[in-house]
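Coordinates as given in model_31.txt (compact mmCIF, C-alpha atoms):
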# COMPACT_ATOMS: atom_id res chain seq x y z
CA MET A 1 6.27 107.60 -76.26
CA ASN A 2 4.93 111.05 -77.08
CA PRO A 3 1.26 111.68 -76.29
CA PRO A 4 -1.02 111.29 -79.34
CA HIS A 5 -2.27 114.49 -80.98
CA THR A 6 -5.36 113.11 -82.72
CA LEU A 7 -7.97 110.46 -82.00
CA ILE A 8 -6.58 108.44 -84.90
CA ASP A 9 -3.11 108.50 -83.32
CA ALA A 10 -4.68 107.53 -79.99
CA ALA A 11 -6.62 104.66 -81.55
CA VAL A 12 -3.42 103.28 -83.09
CA ALA A 13 -1.59 103.57 -79.76
CA PHE A 14 -4.51 102.03 -77.82
CA LEU A 15 -4.82 99.01 -80.12
CA ASP A 16 -1.06 98.56 -80.18
CA SER A 17 -0.94 98.53 -76.38
CA ARG A 18 -3.68 95.87 -76.30
CA ALA A 19 -1.76 93.70 -78.75
CA ARG A 20 1.47 94.04 -76.76
CA ARG A 21 -0.36 92.96 -73.60
CA GLY A 22 -1.62 89.82 -75.32
CA PHE A 23 -5.26 90.76 -75.90
CA VAL A 24 -6.94 88.79 -78.66
CA PRO A 25 -8.31 91.11 -81.39
CA VAL A 26 -12.09 91.56 -81.11
CA SER A 27 -14.76 93.29 -83.18
CA SER A 28 -14.75 96.31 -80.85
CA ASP A 29 -11.18 97.03 -81.97
CA ASN A 30 -12.51 97.76 -85.44
CA ARG A 31 -15.10 100.06 -83.91
CA VAL A 32 -12.42 102.09 -82.13
CA SER A 33 -10.70 102.66 -85.46
CA ALA A 34 -14.02 103.47 -87.13
CA PHE A 35 -14.85 106.00 -84.42
CA ALA A 36 -11.48 107.76 -84.83
CA LEU A 37 -11.98 107.93 -88.58
CA TYR A 38 -15.53 109.25 -88.08
CA ALA A 39 -14.15 112.07 -85.91
CA SER A 40 -11.42 112.89 -88.42
CA ASN A 41 -13.90 113.05 -91.31
CA ARG A 42 -15.84 115.65 -89.33
CA GLY A 43 -12.78 117.75 -88.70
CA HIS A 44 -12.55 116.77 -85.03
CA SER A 45 -9.10 115.70 -83.90
CA TRP A 46 -9.19 115.98 -80.09
CA PRO A 47 -10.51 115.23 -77.46
CA MET A 48 -13.22 112.54 -77.28
CA THR A 49 -16.58 114.15 -76.54
CA ALA A 50 -19.86 112.63 -75.42
CA GLU A 51 -21.64 114.23 -78.37
CA LEU A 52 -19.18 112.72 -80.81
CA CYS A 53 -19.57 109.24 -79.28
CA VAL A 54 -23.37 109.35 -79.46
CA GLY A 55 -23.25 110.66 -83.02
CA TRP A 56 -20.93 107.89 -84.18
CA ALA A 57 -22.96 105.14 -82.51
CA ARG A 58 -26.17 106.31 -84.17
CA ASP A 59 -25.12 107.94 -87.45
CA GLU A 60 -22.95 105.06 -88.64
CA ALA A 61 -25.79 102.58 -88.11
CA LYS A 62 -28.89 104.60 -88.94
CA THR A 63 -30.98 101.60 -89.97
CA ALA A 64 -30.20 99.71 -86.74
CA ASP A 65 -32.21 99.74 -83.52
CA PRO A 66 -31.32 101.44 -80.21
CA PHE A 67 -29.98 98.16 -78.84
CA THR A 68 -27.35 98.07 -81.60
CA TRP A 69 -26.52 101.73 -80.96
CA ALA A 70 -26.08 100.95 -77.26
CA GLN A 71 -23.70 98.09 -78.06
CA ARG A 72 -21.69 100.27 -80.43
CA LEU A 73 -21.41 103.00 -77.83
CA ASP A 74 -20.38 100.56 -75.13
CA SER A 75 -17.59 99.23 -77.35
CA LEU A 76 -15.89 102.64 -77.01
CA ARG A 77 -15.82 102.54 -73.21
CA PRO A 78 -12.35 100.93 -72.83
CA PHE A 79 -10.97 103.45 -75.33
CA SER A 80 -12.49 106.30 -73.31
CA HIS A 81 -10.74 105.03 -70.16
CA TYR A 82 -7.46 105.00 -72.05
CA LEU A 83 -8.01 108.55 -73.29
CA ALA A 84 -9.00 109.79 -69.83
CA GLY A 85 -5.59 108.73 -68.61
CA ILE A 86 -4.05 111.02 -71.21
CA ASP A 87 -6.40 113.98 -71.10
CA ALA A 88 -8.80 114.90 -68.30
CA ALA A 89 -10.99 116.69 -70.86
CA THR A 90 -12.08 113.32 -72.27
CA GLU A 91 -15.86 112.88 -72.20
CA PHE A 92 -18.03 109.80 -72.47
CA PRO A 93 -21.85 109.69 -72.33
CA PHE A 94 -23.22 109.30 -68.81
CA GLY A 95 -25.53 106.38 -68.15
CA SER A 96 -27.14 104.51 -71.04
CA PRO A 97 -28.54 107.00 -73.57
CA PHE A 98 -29.72 104.21 -75.88
CA GLY A 99 -30.86 101.78 -73.19
CA ARG A 100 -29.63 98.28 -72.41
CA THR A 101 -26.50 96.86 -74.01
CA ALA A 102 -27.36 93.22 -73.30
CA ARG A 103 -30.43 91.17 -74.08
CA ARG A 104 -31.30 87.55 -74.50
CA LEU A 105 -33.74 86.85 -77.29
CA SER A 106 -36.29 84.10 -76.90
CA PRO A 107 -35.27 80.86 -78.64
CA HIS A 108 -37.05 78.88 -81.32
CA ILE A 109 -38.47 75.67 -79.86
CA PHE A 110 -38.47 72.93 -82.46
CA THR A 111 -41.44 70.61 -82.72
CA SER A 112 -40.74 66.88 -82.83
CA ALA A 113 -41.51 66.90 -86.56
CA GLU A 114 -39.05 69.75 -87.13
CA ILE A 115 -36.29 67.93 -85.27
CA ARG A 116 -36.92 64.82 -87.34
CA ARG A 117 -36.76 66.94 -90.48
CA VAL A 118 -33.40 68.45 -89.47
CA VAL A 119 -31.94 64.99 -88.79
CA ASP A 120 -33.37 63.47 -91.97
CA GLU A 121 -32.15 66.32 -94.16
CA ALA A 122 -28.70 66.16 -92.57
CA ALA A 123 -28.57 62.47 -93.50
CA MET A 124 -29.09 63.53 -97.12
CA LEU A 125 -26.31 66.13 -97.24
CA ARG A 126 -23.94 65.84 -100.17
CA PRO A 127 -21.34 63.19 -99.23
CA THR A 128 -18.23 65.23 -99.97
CA THR A 129 -16.63 62.69 -97.61
CA PRO A 130 -18.24 59.32 -96.81
CA LEU A 131 -18.95 60.28 -93.20
CA ARG A 132 -20.36 63.77 -93.75
CA PRO A 133 -24.11 62.94 -93.86
CA ALA A 134 -24.00 60.49 -90.95
CA THR A 135 -21.80 62.80 -88.88
CA PHE A 136 -24.14 65.77 -89.03
CA ALA A 137 -27.35 63.74 -88.77
CA THR A 138 -26.05 62.08 -85.60
CA MET A 139 -24.58 65.29 -84.22
CA PHE A 140 -27.78 67.32 -84.63
CA GLY A 141 -29.81 64.44 -83.20
CA LEU A 142 -27.52 64.25 -80.17
CA LEU A 143 -27.90 67.98 -79.50
CA ALA A 144 -31.68 67.62 -79.52
CA ALA A 145 -31.60 64.49 -77.33
CA THR A 146 -29.17 65.74 -74.67
CA GLY A 147 -29.09 69.54 -74.79
CA LEU A 148 -25.32 69.58 -75.32
CA ARG A 149 -23.77 72.78 -76.60
CA ILE A 150 -22.44 72.46 -80.13
CA SER A 151 -18.94 73.23 -78.82
CA GLU A 152 -19.24 70.34 -76.37
CA ALA A 153 -20.38 67.92 -79.06
CA LEU A 154 -17.54 68.94 -81.37
CA ALA A 155 -15.00 68.36 -78.57
CA LEU A 156 -16.20 64.84 -77.69
CA ARG A 157 -13.66 62.08 -78.25
CA LEU A 158 -14.29 58.38 -78.69
CA VAL A 159 -12.89 57.80 -75.21
CA ASP A 160 -15.61 60.09 -73.81
CA THR A 161 -18.32 57.79 -75.14
CA ASP A 162 -19.15 54.83 -72.89
CA LEU A 163 -22.15 53.27 -74.58
CA SER A 164 -21.96 50.13 -72.42
CA ILE A 165 -23.46 52.18 -69.58
CA GLY A 166 -25.09 54.82 -71.82
CA GLN A 167 -23.04 57.81 -70.78
CA LEU A 168 -20.98 60.66 -72.21
CA THR A 169 -18.23 62.54 -70.42
CA VAL A 170 -18.19 66.22 -71.35
CA ARG A 171 -14.69 67.47 -70.63
CA VAL A 172 -14.72 70.77 -72.54
CA SER A 173 -17.65 72.83 -71.29
CA LYS A 174 -18.32 76.52 -71.73
CA PHE A 175 -17.28 77.43 -68.18
CA GLY A 176 -14.62 74.80 -67.62
CA GLY A 177 -14.95 71.63 -65.60
CA SER A 178 -16.56 68.41 -66.78
CA ARG A 179 -19.80 66.52 -66.27
CA LEU A 180 -21.40 63.16 -66.97
CA VAL A 181 -24.36 63.02 -69.35
CA PRO A 182 -26.56 59.88 -69.14
CA LEU A 183 -28.15 58.88 -72.45
CA HIS A 184 -31.56 57.52 -73.39
CA SER A 185 -31.49 54.05 -74.94
CA THR A 186 -32.55 55.41 -78.34
CA THR A 187 -29.66 57.88 -78.26
CA VAL A 188 -27.28 55.06 -77.39
CA GLN A 189 -28.53 53.07 -80.39
CA ALA A 190 -28.07 56.04 -82.73
CA LEU A 191 -24.49 56.55 -81.52
CA GLU A 192 -23.74 52.83 -81.87
CA ARG A 193 -24.86 52.93 -85.51
CA TYR A 194 -22.77 56.02 -86.17
CA ILE A 195 -19.63 54.63 -84.50
CA ALA A 196 -19.98 51.37 -86.45
CA ARG A 197 -20.03 53.37 -89.67
CA ARG A 198 -17.24 55.63 -88.46
CA LYS A 199 -14.98 52.59 -87.95
CA ARG A 200 -15.11 51.90 -91.68
CA HIS A 201 -14.05 55.39 -92.71
CA ALA A 202 -11.91 57.01 -89.98
CA ASP A 203 -9.15 56.49 -87.46
CA ASN A 204 -10.63 54.84 -84.36
CA SER A 205 -7.95 55.71 -81.84
CA ALA A 206 -9.52 56.52 -78.46
CA GLY A 207 -8.21 60.08 -78.55
CA THR A 208 -9.73 60.97 -81.90
CA CYS A 209 -12.90 63.04 -82.04
CA LEU A 210 -16.26 61.33 -81.99
CA PHE A 211 -17.64 63.49 -84.76
CA THR A 212 -15.39 63.65 -87.78
CA CYS A 213 -15.68 63.81 -91.54
CA HIS A 214 -12.08 62.87 -92.26
CA PRO A 215 -10.11 59.58 -92.33
CA ASP A 216 -7.60 60.92 -89.80
CA GLY A 217 -10.36 61.51 -87.22
CA ARG A 218 -9.72 65.23 -86.90
CA ALA A 219 -12.38 67.40 -85.23
CA VAL A 220 -15.17 69.06 -87.15
CA LEU A 221 -14.84 72.83 -86.93
CA TYR A 222 -17.79 74.92 -85.77
CA ALA A 223 -17.75 76.81 -89.08
CA THR A 224 -18.11 73.48 -90.90
CA ALA A 225 -21.05 72.42 -88.71
CA PHE A 226 -22.70 75.81 -89.17
CA TYR A 227 -22.26 75.60 -92.93
CA ALA A 228 -23.81 72.13 -93.00
CA PHE A 229 -26.76 73.33 -90.93
CA THR A 230 -27.40 76.25 -93.27
CA ARG A 231 -27.42 73.85 -96.26
CA LEU A 232 -30.51 72.13 -94.87
CA PRO A 233 -33.80 73.19 -96.50
CA ALA A 234 -35.22 73.34 -92.97
CA TYR A 235 -32.89 76.22 -92.15
CA LYS A 236 -34.67 78.47 -94.62
CA GLU A 237 -38.13 76.93 -94.58
CA ILE A 238 -38.85 76.56 -90.85
CA ARG A 239 -40.13 79.91 -89.70
CA SER A 240 -38.45 81.03 -86.49
CA ARG A 241 -40.89 81.39 -83.60
CA GLY A 242 -38.27 83.02 -81.39
CA GLY A 243 -36.54 86.36 -81.37
CA HIS A 244 -33.93 85.46 -83.99
CA PRO A 245 -34.61 85.74 -87.74
CA TRP A 246 -33.54 82.14 -88.43
CA VAL A 247 -33.60 78.85 -86.56
CA ARG A 248 -30.17 78.07 -85.10
CA ILE A 249 -28.13 75.03 -84.09
CA HIS A 250 -28.23 76.29 -80.50
CA ASP A 251 -32.04 76.15 -80.59
CA LEU A 252 -31.73 72.35 -80.46
CA ARG A 253 -30.25 72.75 -76.96
CA HIS A 254 -32.96 75.24 -76.00
CA THR A 255 -35.59 72.80 -77.25
CA PHE A 256 -34.27 69.99 -75.07
CA VAL A 257 -34.40 72.17 -71.95
CA CYS A 258 -37.86 73.55 -72.69
CA ARG A 259 -39.42 70.20 -73.61
CA ARG A 260 -38.14 68.69 -70.37
CA LEU A 261 -39.51 71.59 -68.31
CA MET A 262 -42.86 71.38 -70.11
CA LEU A 263 -43.11 67.66 -69.41
CA TRP A 264 -42.37 68.17 -65.73
CA LEU A 265 -44.92 70.96 -65.44
CA GLU A 266 -47.57 68.79 -67.06
CA GLN A 267 -46.73 65.92 -64.70
CA GLY A 268 -46.87 68.10 -61.60
CA VAL A 269 -43.23 67.47 -60.66
CA ASN A 270 -41.63 69.68 -57.98
CA ILE A 271 -40.18 72.14 -60.47
CA ASP A 272 -37.61 73.72 -58.16
CA ASN A 273 -35.97 70.37 -57.40
CA ALA A 274 -36.19 69.33 -61.04
CA ILE A 275 -34.56 72.52 -62.28
CA MET A 276 -31.58 71.94 -60.00
CA ALA A 277 -31.05 68.53 -61.61
CA LEU A 278 -31.61 69.85 -65.14
CA SER A 279 -29.21 72.73 -64.56
CA THR A 280 -26.47 70.26 -63.67
CA TYR A 281 -27.31 67.98 -66.60
CA VAL A 282 -27.01 70.71 -69.24
CA GLY A 283 -24.02 72.41 -67.63
CA HIS A 284 -25.54 75.68 -66.43
CA VAL A 285 -23.33 77.39 -63.85
CA GLU A 286 -26.35 78.71 -61.93
CA PRO A 287 -29.98 77.54 -61.80
CA LYS A 288 -31.12 81.03 -62.79
CA SER A 289 -29.91 80.25 -66.31
CA THR A 290 -32.40 77.38 -66.39
CA TYR A 291 -35.18 79.40 -64.74
CA TRP A 292 -34.80 81.95 -67.54
CA TYR A 293 -36.69 79.63 -69.88
CA MET A 294 -39.77 79.88 -67.68
CA GLU A 295 -40.23 83.52 -68.68
CA ALA A 296 -38.64 83.50 -72.14
CA VAL A 297 -40.75 80.80 -73.79
CA PRO A 298 -44.51 81.43 -74.18
CA GLU A 299 -45.41 77.74 -73.90
CA LEU A 300 -43.67 77.49 -70.55
CA MET A 301 -45.22 80.70 -69.34
CA ALA A 302 -48.66 79.35 -70.17
CA LEU A 303 -48.03 76.07 -68.35
CA THR A 304 -46.55 77.86 -65.35
CA SER A 305 -49.55 80.19 -65.14
CA ALA A 306 -52.01 77.32 -65.42
CA ARG A 307 -50.19 75.38 -62.72
CA PHE A 308 -50.17 78.38 -60.39
CA GLU A 309 -53.88 78.92 -60.97
CA ARG A 310 -54.66 75.29 -60.06
CA SER A 311 -52.52 75.54 -56.92
CA ALA A 312 -54.07 78.85 -55.95
CA GLN A 313 -57.57 77.48 -56.33
CA LYS A 314 -56.74 74.53 -54.07
CA VAL A 315 -55.57 76.78 -51.23
CA GLY A 316 -58.26 79.38 -51.77
CA ILE A 317 -56.06 82.22 -53.01
CA ILE A 318 -58.34 82.67 -56.01
CA ASP A 319 -61.97 81.65 -56.44
CA HIS A 320 -63.12 78.83 -58.68
CA ALA A 321 -64.95 80.36 -61.60
As a first step, turn the structure in this file into structure tokens.
Amino acid sequence: MNPPHTLIDAAVAFLDSRARRGFVPVSSDNRVSAFALYASNRGHSWPMTAELCVGWARDEAKTADPFTWAQRLDSLRPFSHYLAGIDAATEFPFGSPFGRTARRLSPHIFTSAEIRRVVDEAAMLRPTTPLRPATFATMFGLLAATGLRISEALALRLVDTDLSIGQLTVRVSKFGGSRLVPLHSTTVQALERYIARRKRHADNSAGTCLFTCHPDGRAVLYATAFYAFTRLPAYKEIRSRGGHPWVRIHDLRHTFVCRRLMLWLEQGVNIDNAIMALSTYVGHVEPKSTYWYMEAVPELMALTSARFERSAQKVGIIDHA
């Protein structure tokens, strides 16, 4: 193949090579094309320059913040490596001119009343199928009661649900592998009620999905669950107390983790040992993912600080005052 003569030609060749190697299309692919078009519209055909990259990242998203600019710029990095293999004159900005490209925003921690509202409103969703309200009310309640990821809940099958011993088997986790999730008695009762209703409206073969809205027992798609969640009045009316503009389904998982940590801190439990157990329960690969909550959530920070102060006073590190 002849070497490309313009950045647009190079973008086409780069994306074609990714497709031929089996890469799944991602949003950054669109950004490569957008960058090449940006260069062409400014009369620049070749080569990639650092100035051009910075200009595209910022000028095409003027109302965004530096974090977004940094992400946009970073999305061009694989393309720059490809171009460098063609032309040594290729330039890419050194370092991180816009700062960090990754951040983890603090979550919204639901109150008990807010969780109850989410579950109650889900139970009143329009019954486009007989199971729809019960499916989402039970699903959202399970996320809050166990800290499961939404993807894990959607992948549960009836065979994964052993209510005789109060346990779920999570076989499809974010990082592979499986784990056992013991259930509280109230959660067991809620699932028993849902499964009894499910038997009247859907296929009950062991291999069918636990959460379904259809007679054939097919899985609920994430997009369907997300749509149902956004139909709840709570979605718009509960003001997010985290870093995201809206409350999210995933905040139910965050709430479970944080409430458990808060309870242990209040009870004076050995938090390091407890976090190891909690990390396993919720399927974190490393305990540091669980420790993150200690600094990301103000309520936990306050409890941690108060606990340290009490401990420090006992050993004389700080004076009683």
Using all atoms listed in the file, determine which residues lie at most 10 Å from segment 208-212 of chain A, disregarding the query and same-chain residues fewer than 3 positions distant; provide the list as a PyMOL selection string. chain A and resi 129+131-132+134-136+138-139+153-161+191+194-195+198+201-205+215-221
In Å to one decimal, how far is atom CA of Trp292 of chain A from atom CA of Arg104 of chain A? 9.6 Å
When you draw a straight line from atom CA of Gly147 of chain A to atom CA of Ala196 of chain A, how long is it in Å? 23.4 Å
Glu121 of chain A: which residues within 10 Å, counting all atoms listed in the file, same-chain residues fewer than 6 positions away excluded, as a PyMOL selection string? chain A and resi 115+133+136-137+229+231-234
What are the centre and the three edge lengths of an axis-aligned box that wraps all atoms of segment 32-50 of chain A in the file, given that 4 Å is added to every side, written as JSON and rounded to one decimal in Å?
{"center_x": -14.5, "center_y": 109.9, "center_z": -83.4, "size_x": 18.8, "size_y": 23.7, "size_z": 23.9}
With distances taken over all atoms listed in the file, which residue among A:Asp87, A:His184, A:Ile150, A:Phe110 lies nearest Ala223 of chain A? A:Ile150
For the atom pair atom CA of Thr224 of chain A and atom CA of Ile249 of chain A, what is the interatomic distance in Å to one decimal place?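 Separating atom CA of Thr224 of chain A from atom CA of Ile249 of chain A is a distance of 12.2 Å.
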Would you list the contacts of segment 70-78 of chain A as a ChimeraX atom specification, taking every protein, DNA or RNA residue within 12 Å and counting only C-alpha atoms, but skipping same-chain residues closer than 4 positions in sequence? /A:11,14-15,18,26-36,48-62,64-66,82-85,90-103
Within 12 Å of (-29.2, 57.8, -67.2), all atoms listed in the file: residues as an NGL selection string? :A and (146 or 162-168 or 180-188 or 281)
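Distances from A:Val257, A:Val269, A:Met124, A:Leu7 to Arg42 of chain A were compared using only C-alpha atoms, and the smallest one belongs to A:Leu7.
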